[in-house]
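Novice: Take this structure first; my questions come after.
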Amino acid sequence: MQLRRRRASGVPARCRRCAWAVVGPVALAAAFASSHDARADLIVPANAQYITNAGVTDLACTDVIVAGTLLVNSGSLVNVRHVTIQSGGTVDGGSGVIQLGGNWTNQGTFGAGTGTVQFRDLCSLATASIGGSTTFFNASFVSATGKNYAFAVGTTQTIGGLLEIAGTAPTPIPFRSGTPGQVAFIDLLLAGTQQIQHVGVTDVWATGQHLAPTLTNEGGGGNASRWFRSSSRADELAVPTLGDLATFALAALLAGFAIFDLRRRSRALARPTHPHRITSRNRP
């Protein structure tokens, strides 16, 4: 494996910091003993491979850009600013952790494994966007600052394990689509679980499990199908109710039918019975 500070062959020209890049046709496991402080973008070019093994790679608020293959295995990528999986790129989450403070853009392939992607208050970013459709195992959105998450219109984020959304009462987390009035989707599969508190939703629909069914929309603009316990659930129809006068009329009608049936039964019981006539064939 070779890591170098200058731009490697295949590294995009937009690399801003002379990135740590994994070069060569196939670069084997990155030999970080227990932790590595990257302090520069981690770029995996096409046809290259980066493996964290069980190590911790601290990106120090720089980016992860993958055009080749990134294997997280049981390791961790922490303090990442933005994650970009380019077309043709592959990230295998394994059982590890990817922790970021900024944008998640998936134009390639993400294998969730049993890993966790953590969206956090990092790198002094007040907003983050989620682009492309991704299937996560565990996805965790935790913010004490009311960080704003914008999901690309028409995309679906699927979660098979745990969906965690945790804002605070003073600053709920805004979940919204990238374009007002147009919808993005979150699909928590039936086998998944949810831990949700203090979130405001606008133009984001749940297509799997009903999300936060005991909560209310805290500061969101609505259009939140299958969220919360409010009338904003687009998939539910209101059951019509009767006013007081209509209810009284219906009760009187039912009582009338009951009285009529009781009188009919009483008349039937009061009718006299007649003995059967006995006839004989040998009648004189």
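Residues are referred to by chain and number: the chain letter is A, B, ... according to the order shown in the structure tokens, the number counts from 1 in that chain, and ligands are numbered separately from 1 in the order shown.
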Got a sec: who's within 9 Å of Gly111 of chain A, counting only C-alpha atoms, leaving out chain neighbours fewer than 5 positions off, as a PDB file with C-alpha atoms, in the first residue's frame?
Specialist:
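New file out-v9.pdb:
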```pdb
ATOM      1  CA  THR A  90     -18.376   1.096  -3.647  1.00  0.00           C
ATOM      2  CA  VAL A  91     -18.451   1.439   0.123  1.00  0.00           C
ATOM      3  CA  ASP A  92     -18.909  -1.702   2.214  1.00  0.00           C
ATOM      4  CA  GLY A  93     -20.048  -0.673   5.693  1.00  0.00           C
ATOM      5  CA  GLY A  94     -19.232  -4.032   7.284  1.00  0.00           C
ATOM      6  CA  THR A 134     -29.245   4.502   0.129  1.00  0.00           C
ATOM      7  CA  THR A 135     -30.082   1.404   2.140  1.00  0.00           C
ATOM      8  CA  PHE A 136     -28.607   1.716   5.630  1.00  0.00           C
ATOM      9  CA  PHE A 137     -28.560  -0.837   8.410  1.00  0.00           C
TER      10      PHE A 137
END
```
Novice: May I have the residues within 7 Å of Val97 of chain A as JSON, numbers by chain, using only C-alpha atoms and disregarding those fewer than 2 positions away in the same chain?
Specialist: {"A": [75, 76, 77, 99, 115, 116, 117]}
Novice: Go ahead and dump the residues you just picked, N, CA and C atoms, as a compact mmCIF listing (two decimals), in the first residue's frame.
Specialist:
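Saved file out_35.txt follows:
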```txt
# COMPACT_ATOMS: atom_id res chain seq x y z
N GLY A 75 -13.94 -1.32 11.42
CA GLY A 75 -13.28 -0.08 11.79
C GLY A 75 -14.23 1.11 11.81
N SER A 76 -13.66 2.30 11.91
CA SER A 76 -14.45 3.52 12.01
C SER A 76 -13.78 4.63 11.21
N LEU A 77 -14.62 5.40 10.54
CA LEU A 77 -14.21 6.67 9.95
C LEU A 77 -14.94 7.76 10.74
N GLN A 99 -18.94 8.25 10.63
CA GLN A 99 -19.49 9.40 11.37
C GLN A 99 -19.17 10.67 10.59
N GLY A 115 -23.45 -2.26 9.76
CA GLY A 115 -22.78 -1.06 10.24
C GLY A 115 -23.73 0.09 10.54
N THR A 116 -23.14 1.20 10.97
CA THR A 116 -23.90 2.39 11.39
C THR A 116 -23.34 3.63 10.71
N VAL A 117 -24.23 4.45 10.19
CA VAL A 117 -23.85 5.77 9.69
C VAL A 117 -24.41 6.79 10.65
```
Novice: Extract, using only C-alpha atoms, all DNA, RNA and protein residues at most 6 Å from segment 204-219 of chain A, discarding same-chain residues fewer than 6 positions from it, and format them as a list in words.
Specialist: Arg176, Ser177, Val183, Ala184, Phe185, Ile186, Asp187, Leu188, Leu189, Ser225, Arg226, Trp227, Phe228 and Arg229 of chain A
Novice: Hey, can you spit out that residue selection with C-alpha atoms as a PDB file, in the first residue's frame?
Specialist:
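Done, and the output landed in selection_27.pdb:
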```
ATOM      1  CA  ARG A 176     -37.302  18.314   4.877  1.00  0.00           C
ATOM      2  CA  SER A 177     -37.043  17.640   1.175  1.00  0.00           C
ATOM      3  CA  VAL A 183     -41.409  14.808  -1.568  1.00  0.00           C
ATOM      4  CA  ALA A 184     -38.550  12.602  -0.397  1.00  0.00           C
ATOM      5  CA  PHE A 185     -39.064   9.245   1.326  1.00  0.00           C
ATOM      6  CA  ILE A 186     -37.869   7.287   4.362  1.00  0.00           C
ATOM      7  CA  ASP A 187     -38.554   3.552   4.512  1.00  0.00           C
ATOM      8  CA  LEU A 188     -38.037   1.887   7.892  1.00  0.00           C
ATOM      9  CA  LEU A 189     -38.476  -1.810   7.168  1.00  0.00           C
ATOM     10  CA  SER A 225     -47.442  11.097   5.445  1.00  0.00           C
ATOM     11  CA  ARG A 226     -47.246   8.255   7.995  1.00  0.00           C
ATOM     12  CA  TRP A 227     -45.522  10.381  10.618  1.00  0.00           C
ATOM     13  CA  PHE A 228     -46.863  11.380  14.038  1.00  0.00           C
ATOM     14  CA  ARG A 229     -50.382  11.072  15.411  1.00  0.00           C
TER      15      ARG A 229
END
```
Novice: Using the chain letters and numbers from this document, which residues of segment 64-248 of chain A does DSSP assign to strand (DSSP E or B), as a PDB file with N, CA and C atoms, in the first residue's frame?
Specialist:
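Output contents, as saved in states-v4.pdb:
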```pdb
ATOM      1  N   VAL A  64     -14.421  12.289   2.543  1.00  0.00           N
ATOM      2  CA  VAL A  64     -14.188  10.946   2.023  1.00  0.00           C
ATOM      3  C   VAL A  64     -14.809  10.886   0.631  1.00  0.00           C
ATOM      4  N   ILE A  65     -13.993  10.600  -0.375  1.00  0.00           N
ATOM      5  CA  ILE A  65     -14.445  10.542  -1.762  1.00  0.00           C
ATOM      6  C   ILE A  65     -14.040   9.193  -2.327  1.00  0.00           C
ATOM      7  N   VAL A  66     -15.017   8.414  -2.766  1.00  0.00           N
ATOM      8  CA  VAL A  66     -14.763   7.032  -3.165  1.00  0.00           C
ATOM      9  C   VAL A  66     -15.178   6.830  -4.616  1.00  0.00           C
ATOM     10  N   THR A  69     -13.018   1.260  -4.124  1.00  0.00           N
ATOM     11  CA  THR A  69     -13.691   0.441  -3.107  1.00  0.00           C
ATOM     12  C   THR A  69     -13.160   0.804  -1.728  1.00  0.00           C
ATOM     13  N   LEU A  70     -14.065   1.122  -0.833  1.00  0.00           N
ATOM     14  CA  LEU A  70     -13.740   1.393   0.567  1.00  0.00           C
ATOM     15  C   LEU A  70     -14.380   0.316   1.419  1.00  0.00           C
ATOM     16  N   LEU A  71     -13.562  -0.416   2.167  1.00  0.00           N
ATOM     17  CA  LEU A  71     -14.045  -1.469   3.060  1.00  0.00           C
ATOM     18  C   LEU A  71     -13.878  -0.990   4.498  1.00  0.00           C
ATOM     19  N   SER A  76     -13.658   2.299  11.910  1.00  0.00           N
ATOM     20  CA  SER A  76     -14.455   3.523  12.009  1.00  0.00           C
ATOM     21  C   SER A  76     -13.785   4.635  11.213  1.00  0.00           C
ATOM     22  N   LEU A  77     -14.622   5.399  10.541  1.00  0.00           N
ATOM     23  CA  LEU A  77     -14.208   6.668   9.954  1.00  0.00           C
ATOM     24  C   LEU A  77     -14.937   7.759  10.736  1.00  0.00           C
ATOM     25  N   VAL A  78     -14.215   8.600  11.461  1.00  0.00           N
ATOM     26  CA  VAL A  78     -14.847   9.572  12.342  1.00  0.00           C
ATOM     27  C   VAL A  78     -14.442  10.978  11.937  1.00  0.00           C
ATOM     28  N   ASN A  79     -15.252  11.946  12.399  1.00  0.00           N
ATOM     29  CA  ASN A  79     -15.012  13.356  12.110  1.00  0.00           C
ATOM     30  C   ASN A  79     -14.868  13.620  10.608  1.00  0.00           C
ATOM     31  N   VAL A  80     -15.720  12.956   9.841  1.00  0.00           N
ATOM     32  CA  VAL A  80     -15.747  13.178   8.398  1.00  0.00           C
ATOM     33  C   VAL A  80     -16.613  14.401   8.120  1.00  0.00           C
ATOM     34  N   ARG A  81     -16.210  15.201   7.165  1.00  0.00           N
ATOM     35  CA  ARG A  81     -17.050  16.335   6.764  1.00  0.00           C
ATOM     36  C   ARG A  81     -18.120  15.837   5.786  1.00  0.00           C
ATOM     37  N   HIS A  82     -17.760  15.544   4.539  1.00  0.00           N
ATOM     38  CA  HIS A  82     -18.716  15.065   3.546  1.00  0.00           C
ATOM     39  C   HIS A  82     -18.287  13.680   3.057  1.00  0.00           C
ATOM     40  N   VAL A  83     -19.275  12.831   2.763  1.00  0.00           N
ATOM     41  CA  VAL A  83     -19.021  11.531   2.137  1.00  0.00           C
ATOM     42  C   VAL A  83     -19.621  11.556   0.740  1.00  0.00           C
ATOM     43  N   THR A  84     -18.798  11.227  -0.253  1.00  0.00           N
ATOM     44  CA  THR A  84     -19.259  11.158  -1.636  1.00  0.00           C
ATOM     45  C   THR A  84     -18.869   9.804  -2.209  1.00  0.00           C
ATOM     46  N   ILE A  85     -19.885   9.023  -2.594  1.00  0.00           N
ATOM     47  CA  ILE A  85     -19.644   7.766  -3.305  1.00  0.00           C
ATOM     48  C   ILE A  85     -19.933   8.058  -4.767  1.00  0.00           C
ATOM     49  N   THR A  90     -17.712   2.030  -4.554  1.00  0.00           N
ATOM     50  CA  THR A  90     -18.376   1.096  -3.647  1.00  0.00           C
ATOM     51  C   THR A  90     -17.862   1.307  -2.229  1.00  0.00           C
ATOM     52  N   VAL A  91     -18.789   1.418  -1.296  1.00  0.00           N
ATOM     53  CA  VAL A  91     -18.451   1.439   0.123  1.00  0.00           C
ATOM     54  C   VAL A  91     -19.143   0.264   0.784  1.00  0.00           C
ATOM     55  N   ASP A  92     -18.364  -0.580   1.457  1.00  0.00           N
ATOM     56  CA  ASP A  92     -18.909  -1.702   2.214  1.00  0.00           C
ATOM     57  C   ASP A  92     -18.827  -1.334   3.692  1.00  0.00           C
ATOM     58  N   VAL A  97     -18.392   1.883  11.640  1.00  0.00           N
ATOM     59  CA  VAL A  97     -19.073   3.163  11.844  1.00  0.00           C
ATOM     60  C   VAL A  97     -18.500   4.192  10.880  1.00  0.00           C
ATOM     61  N   ILE A  98     -19.399   4.934  10.238  1.00  0.00           N
ATOM     62  CA  ILE A  98     -19.018   6.124   9.492  1.00  0.00           C
ATOM     63  C   ILE A  98     -19.713   7.303  10.155  1.00  0.00           C
ATOM     64  N   GLN A  99     -18.944   8.253  10.630  1.00  0.00           N
ATOM     65  CA  GLN A  99     -19.490   9.400  11.373  1.00  0.00           C
ATOM     66  C   GLN A  99     -19.174  10.671  10.595  1.00  0.00           C
ATOM     67  N   LEU A 100     -20.232  11.425  10.251  1.00  0.00           N
ATOM     68  CA  LEU A 100     -19.999  12.622   9.456  1.00  0.00           C
ATOM     69  C   LEU A 100     -20.839  13.789   9.949  1.00  0.00           C
ATOM     70  N   TRP A 104     -24.128  13.591   2.644  1.00  0.00           N
ATOM     71  CA  TRP A 104     -23.983  12.202   2.219  1.00  0.00           C
ATOM     72  C   TRP A 104     -24.509  12.139   0.789  1.00  0.00           C
ATOM     73  N   THR A 105     -23.613  11.821  -0.151  1.00  0.00           N
ATOM     74  CA  THR A 105     -23.997  11.757  -1.557  1.00  0.00           C
ATOM     75  C   THR A 105     -23.652  10.382  -2.093  1.00  0.00           C
ATOM     76  N   ASN A 106     -24.663   9.652  -2.515  1.00  0.00           N
ATOM     77  CA  ASN A 106     -24.462   8.281  -2.986  1.00  0.00           C
ATOM     78  C   ASN A 106     -24.872   8.180  -4.449  1.00  0.00           C
ATOM     79  N   THR A 109     -22.480   2.603  -4.990  1.00  0.00           N
ATOM     80  CA  THR A 109     -23.033   1.452  -4.272  1.00  0.00           C
ATOM     81  C   THR A 109     -22.613   1.527  -2.809  1.00  0.00           C
ATOM     82  N   PHE A 110     -23.592   1.391  -1.928  1.00  0.00           N
ATOM     83  CA  PHE A 110     -23.306   1.313  -0.500  1.00  0.00           C
ATOM     84  C   PHE A 110     -23.864   0.000   0.037  1.00  0.00           C
ATOM     85  N   GLY A 111     -22.977  -0.847   0.565  1.00  0.00           N
ATOM     86  CA  GLY A 111     -23.400  -2.091   1.208  1.00  0.00           C
ATOM     87  C   GLY A 111     -23.493  -1.859   2.702  1.00  0.00           C
ATOM     88  N   THR A 116     -23.139   1.203  10.967  1.00  0.00           N
ATOM     89  CA  THR A 116     -23.897   2.387  11.392  1.00  0.00           C
ATOM     90  C   THR A 116     -23.337   3.627  10.707  1.00  0.00           C
ATOM     91  N   VAL A 117     -24.232   4.447  10.186  1.00  0.00           N
ATOM     92  CA  VAL A 117     -23.846   5.766   9.687  1.00  0.00           C
ATOM     93  C   VAL A 117     -24.415   6.789  10.654  1.00  0.00           C
ATOM     94  N   GLN A 118     -23.547   7.584  11.247  1.00  0.00           N
ATOM     95  CA  GLN A 118     -23.931   8.563  12.263  1.00  0.00           C
ATOM     96  C   GLN A 118     -23.827   9.974  11.684  1.00  0.00           C
ATOM     97  N   PHE A 119     -24.958  10.682  11.674  1.00  0.00           N
ATOM     98  CA  PHE A 119     -24.977  12.085  11.279  1.00  0.00           C
ATOM     99  C   PHE A 119     -24.952  12.916  12.558  1.00  0.00           C
ATOM    100  N   THR A 127     -26.200  22.743   8.312  1.00  0.00           N
ATOM    101  CA  THR A 127     -27.104  22.013   7.424  1.00  0.00           C
ATOM    102  C   THR A 127     -26.344  20.853   6.787  1.00  0.00           C
ATOM    103  N   ALA A 128     -27.096  19.865   6.337  1.00  0.00           N
ATOM    104  CA  ALA A 128     -26.513  18.737   5.624  1.00  0.00           C
ATOM    105  C   ALA A 128     -27.546  18.216   4.636  1.00  0.00           C
ATOM    106  N   SER A 129     -27.070  17.733   3.509  1.00  0.00           N
ATOM    107  CA  SER A 129     -27.967  17.178   2.503  1.00  0.00           C
ATOM    108  C   SER A 129     -27.681  15.696   2.320  1.00  0.00           C
ATOM    109  N   ILE A 130     -28.741  14.951   1.995  1.00  0.00           N
ATOM    110  CA  ILE A 130     -28.626  13.530   1.725  1.00  0.00           C
ATOM    111  C   ILE A 130     -29.081  13.313   0.291  1.00  0.00           C
ATOM    112  N   GLY A 131     -28.150  12.946  -0.564  1.00  0.00           N
ATOM    113  CA  GLY A 131     -28.433  12.798  -1.983  1.00  0.00           C
ATOM    114  C   GLY A 131     -28.285  11.364  -2.423  1.00  0.00           C
ATOM    115  N   THR A 134     -30.176   5.383  -0.572  1.00  0.00           N
ATOM    116  CA  THR A 134     -29.245   4.502   0.129  1.00  0.00           C
ATOM    117  C   THR A 134     -30.017   3.577   1.053  1.00  0.00           C
ATOM    118  N   THR A 135     -29.564   2.332   1.134  1.00  0.00           N
ATOM    119  CA  THR A 135     -30.082   1.404   2.140  1.00  0.00           C
ATOM    120  C   THR A 135     -29.061   1.308   3.269  1.00  0.00           C
ATOM    121  N   PHE A 136     -29.455   1.774   4.441  1.00  0.00           N
ATOM    122  CA  PHE A 136     -28.607   1.716   5.630  1.00  0.00           C
ATOM    123  C   PHE A 136     -29.033   0.527   6.491  1.00  0.00           C
ATOM    124  N   ASN A 138     -28.062   0.716  10.234  1.00  0.00           N
ATOM    125  CA  ASN A 138     -28.413   1.688  11.269  1.00  0.00           C
ATOM    126  C   ASN A 138     -28.111   3.089  10.752  1.00  0.00           C
ATOM    127  N   ALA A 139     -29.072   3.992  10.890  1.00  0.00           N
ATOM    128  CA  ALA A 139     -28.863   5.396  10.528  1.00  0.00           C
ATOM    129  C   ALA A 139     -29.247   6.245  11.732  1.00  0.00           C
ATOM    130  N   SER A 140     -28.337   7.109  12.154  1.00  0.00           N
ATOM    131  CA  SER A 140     -28.532   7.864  13.392  1.00  0.00           C
ATOM    132  C   SER A 140     -28.338   9.349  13.125  1.00  0.00           C
ATOM    133  N   PHE A 141     -29.386  10.134  13.424  1.00  0.00           N
ATOM    134  CA  PHE A 141     -29.347  11.591  13.280  1.00  0.00           C
ATOM    135  C   PHE A 141     -29.496  12.191  14.680  1.00  0.00           C
ATOM    136  N   VAL A 142     -28.431  12.733  15.215  1.00  0.00           N
ATOM    137  CA  VAL A 142     -28.446  13.295  16.564  1.00  0.00           C
ATOM    138  C   VAL A 142     -27.900  14.715  16.499  1.00  0.00           C
ATOM    139  N   ASN A 148     -30.249  21.066  10.256  1.00  0.00           N
ATOM    140  CA  ASN A 148     -31.245  20.939   9.203  1.00  0.00           C
ATOM    141  C   ASN A 148     -30.795  19.894   8.186  1.00  0.00           C
ATOM    142  N   TYR A 149     -31.630  18.844   8.005  1.00  0.00           N
ATOM    143  CA  TYR A 149     -31.316  17.783   7.047  1.00  0.00           C
ATOM    144  C   TYR A 149     -32.264  17.879   5.863  1.00  0.00           C
ATOM    145  N   ALA A 150     -31.684  18.000   4.661  1.00  0.00           N
ATOM    146  CA  ALA A 150     -32.466  18.110   3.430  1.00  0.00           C
ATOM    147  C   ALA A 150     -32.237  16.855   2.590  1.00  0.00           C
ATOM    148  N   PHE A 151     -33.332  16.164   2.244  1.00  0.00           N
ATOM    149  CA  PHE A 151     -33.268  14.928   1.473  1.00  0.00           C
ATOM    150  C   PHE A 151     -33.636  15.224   0.021  1.00  0.00           C
ATOM    151  N   THR A 156     -35.157   7.680  -1.775  1.00  0.00           N
ATOM    152  CA  THR A 156     -35.646   6.906  -0.629  1.00  0.00           C
ATOM    153  C   THR A 156     -34.459   6.450   0.203  1.00  0.00           C
ATOM    154  N   GLN A 157     -34.495   6.771   1.480  1.00  0.00           N
ATOM    155  CA  GLN A 157     -33.504   6.264   2.427  1.00  0.00           C
ATOM    156  C   GLN A 157     -34.151   5.093   3.171  1.00  0.00           C
ATOM    157  N   THR A 158     -33.590   3.917   3.002  1.00  0.00           N
ATOM    158  CA  THR A 158     -34.150   2.691   3.582  1.00  0.00           C
ATOM    159  C   THR A 158     -33.309   2.276   4.776  1.00  0.00           C
ATOM    160  N   ILE A 159     -33.960   1.917   5.869  1.00  0.00           N
ATOM    161  CA  ILE A 159     -33.256   1.508   7.087  1.00  0.00           C
ATOM    162  C   ILE A 159     -33.754   0.127   7.483  1.00  0.00           C
ATOM    163  N   LEU A 162     -31.789   0.094  12.968  1.00  0.00           N
ATOM    164  CA  LEU A 162     -32.263   1.155  13.859  1.00  0.00           C
ATOM    165  C   LEU A 162     -32.273   2.493  13.137  1.00  0.00           C
ATOM    166  N   LEU A 163     -33.406   3.178  13.210  1.00  0.00           N
ATOM    167  CA  LEU A 163     -33.494   4.581  12.805  1.00  0.00           C
ATOM    168  C   LEU A 163     -33.563   5.415  14.081  1.00  0.00           C
ATOM    169  N   GLU A 164     -32.540   6.219  14.295  1.00  0.00           N
ATOM    170  CA  GLU A 164     -32.494   7.103  15.468  1.00  0.00           C
ATOM    171  C   GLU A 164     -32.537   8.545  15.004  1.00  0.00           C
ATOM    172  N   ILE A 165     -33.489   9.301  15.543  1.00  0.00           N
ATOM    173  CA  ILE A 165     -33.580  10.742  15.295  1.00  0.00           C
ATOM    174  C   ILE A 165     -33.732  11.403  16.657  1.00  0.00           C
ATOM    175  N   ALA A 166     -32.779  12.200  17.051  1.00  0.00           N
ATOM    176  CA  ALA A 166     -32.807  12.767  18.401  1.00  0.00           C
ATOM    177  C   ALA A 166     -32.416  14.235  18.359  1.00  0.00           C
ATOM    178  N   ILE A 173     -34.900  18.673  15.386  1.00  0.00           N
ATOM    179  CA  ILE A 173     -34.196  18.476  14.118  1.00  0.00           C
ATOM    180  C   ILE A 173     -35.172  18.658  12.963  1.00  0.00           C
ATOM    181  N   PRO A 174     -34.903  19.558  12.018  1.00  0.00           N
ATOM    182  CA  PRO A 174     -35.752  19.658  10.826  1.00  0.00           C
ATOM    183  C   PRO A 174     -35.381  18.580   9.797  1.00  0.00           C
ATOM    184  N   PHE A 175     -36.373  17.808   9.380  1.00  0.00           N
ATOM    185  CA  PHE A 175     -36.253  16.891   8.247  1.00  0.00           C
ATOM    186  C   PHE A 175     -37.110  17.469   7.128  1.00  0.00           C
ATOM    187  N   ARG A 176     -36.527  17.727   5.971  1.00  0.00           N
ATOM    188  CA  ARG A 176     -37.302  18.314   4.877  1.00  0.00           C
ATOM    189  C   ARG A 176     -36.760  17.795   3.554  1.00  0.00           C
ATOM    190  N   SER A 177     -37.542  17.968   2.505  1.00  0.00           N
ATOM    191  CA  SER A 177     -37.043  17.640   1.175  1.00  0.00           C
ATOM    192  C   SER A 177     -36.218  18.808   0.649  1.00  0.00           C
ATOM    193  N   ALA A 184     -39.557  13.646  -0.549  1.00  0.00           N
ATOM    194  CA  ALA A 184     -38.550  12.602  -0.397  1.00  0.00           C
ATOM    195  C   ALA A 184     -39.124  11.543   0.545  1.00  0.00           C
ATOM    196  N   PHE A 185     -38.461  10.378   0.628  1.00  0.00           N
ATOM    197  CA  PHE A 185     -39.064   9.245   1.326  1.00  0.00           C
ATOM    198  C   PHE A 185     -38.071   8.603   2.297  1.00  0.00           C
ATOM    199  N   ILE A 186     -38.631   8.096   3.411  1.00  0.00           N
ATOM    200  CA  ILE A 186     -37.869   7.287   4.362  1.00  0.00           C
ATOM    201  C   ILE A 186     -38.633   5.990   4.579  1.00  0.00           C
ATOM    202  N   ASP A 187     -37.938   4.870   4.413  1.00  0.00           N
ATOM    203  CA  ASP A 187     -38.554   3.552   4.512  1.00  0.00           C
ATOM    204  C   ASP A 187     -37.877   2.767   5.632  1.00  0.00           C
ATOM    205  N   LEU A 188     -38.508   2.742   6.806  1.00  0.00           N
ATOM    206  CA  LEU A 188     -38.037   1.887   7.892  1.00  0.00           C
ATOM    207  C   LEU A 188     -38.710   0.532   7.735  1.00  0.00           C
ATOM    208  N   THR A 193     -36.263  -0.966  13.937  1.00  0.00           N
ATOM    209  CA  THR A 193     -36.753  -0.309  15.151  1.00  0.00           C
ATOM    210  C   THR A 193     -36.500   1.185  15.033  1.00  0.00           C
ATOM    211  N   GLN A 194     -37.218   1.946  15.836  1.00  0.00           N
ATOM    212  CA  GLN A 194     -37.077   3.398  15.788  1.00  0.00           C
ATOM    213  C   GLN A 194     -36.942   3.986  17.190  1.00  0.00           C
ATOM    214  N   GLN A 195     -36.087   4.997  17.291  1.00  0.00           N
ATOM    215  CA  GLN A 195     -35.944   5.798  18.501  1.00  0.00           C
ATOM    216  C   GLN A 195     -35.977   7.255  18.043  1.00  0.00           C
ATOM    217  N   ILE A 196     -37.112   7.903  18.219  1.00  0.00           N
ATOM    218  CA  ILE A 196     -37.315   9.229  17.637  1.00  0.00           C
ATOM    219  C   ILE A 196     -37.828  10.189  18.700  1.00  0.00           C
ATOM    220  N   GLN A 197     -37.241  11.376  18.751  1.00  0.00           N
ATOM    221  CA  GLN A 197     -37.733  12.435  19.615  1.00  0.00           C
ATOM    222  C   GLN A 197     -37.337  13.788  19.038  1.00  0.00           C
ATOM    223  N   VAL A 199     -38.452  16.102  16.414  1.00  0.00           N
ATOM    224  CA  VAL A 199     -38.160  16.265  15.006  1.00  0.00           C
ATOM    225  C   VAL A 199     -39.320  17.013  14.356  1.00  0.00           C
ATOM    226  N   GLY A 200     -39.006  17.878  13.393  1.00  0.00           N
ATOM    227  CA  GLY A 200     -40.018  18.578  12.615  1.00  0.00           C
ATOM    228  C   GLY A 200     -39.887  18.196  11.153  1.00  0.00           C
ATOM    229  N   VAL A 201     -40.978  17.739  10.548  1.00  0.00           N
ATOM    230  CA  VAL A 201     -40.914  17.142   9.207  1.00  0.00           C
ATOM    231  C   VAL A 201     -41.703  17.979   8.205  1.00  0.00           C
ATOM    232  N   THR A 202     -41.092  18.197   7.043  1.00  0.00           N
ATOM    233  CA  THR A 202     -41.724  18.921   5.944  1.00  0.00           C
ATOM    234  C   THR A 202     -41.430  18.200   4.635  1.00  0.00           C
ATOM    235  N   VAL A 204     -41.491  15.124   3.719  1.00  0.00           N
ATOM    236  CA  VAL A 204     -40.807  13.833   3.787  1.00  0.00           C
ATOM    237  C   VAL A 204     -41.832  12.795   4.224  1.00  0.00           C
ATOM    238  N   TRP A 205     -42.047  11.774   3.394  1.00  0.00           N
ATOM    239  CA  TRP A 205     -43.051  10.750   3.683  1.00  0.00           C
ATOM    240  C   TRP A 205     -42.376   9.475   4.166  1.00  0.00           C
ATOM    241  N   ALA A 206     -43.038   8.793   5.097  1.00  0.00           N
ATOM    242  CA  ALA A 206     -42.612   7.460   5.523  1.00  0.00           C
ATOM    243  C   ALA A 206     -43.363   6.431   4.693  1.00  0.00           C
ATOM    244  N   LEU A 211     -43.831   6.334  11.437  1.00  0.00           N
ATOM    245  CA  LEU A 211     -42.754   6.898  12.241  1.00  0.00           C
ATOM    246  C   LEU A 211     -43.289   7.844  13.308  1.00  0.00           C
ATOM    247  N   GLY A 222     -45.324  20.182   7.745  1.00  0.00           N
ATOM    248  CA  GLY A 222     -46.367  19.223   7.379  1.00  0.00           C
ATOM    249  C   GLY A 222     -46.036  18.486   6.090  1.00  0.00           C
ATOM    250  N   TRP A 227     -46.279   9.899   9.466  1.00  0.00           N
ATOM    251  CA  TRP A 227     -45.522  10.381  10.618  1.00  0.00           C
ATOM    252  C   TRP A 227     -46.537  10.843  11.674  1.00  0.00           C
TER     253      TRP A 227
END
```
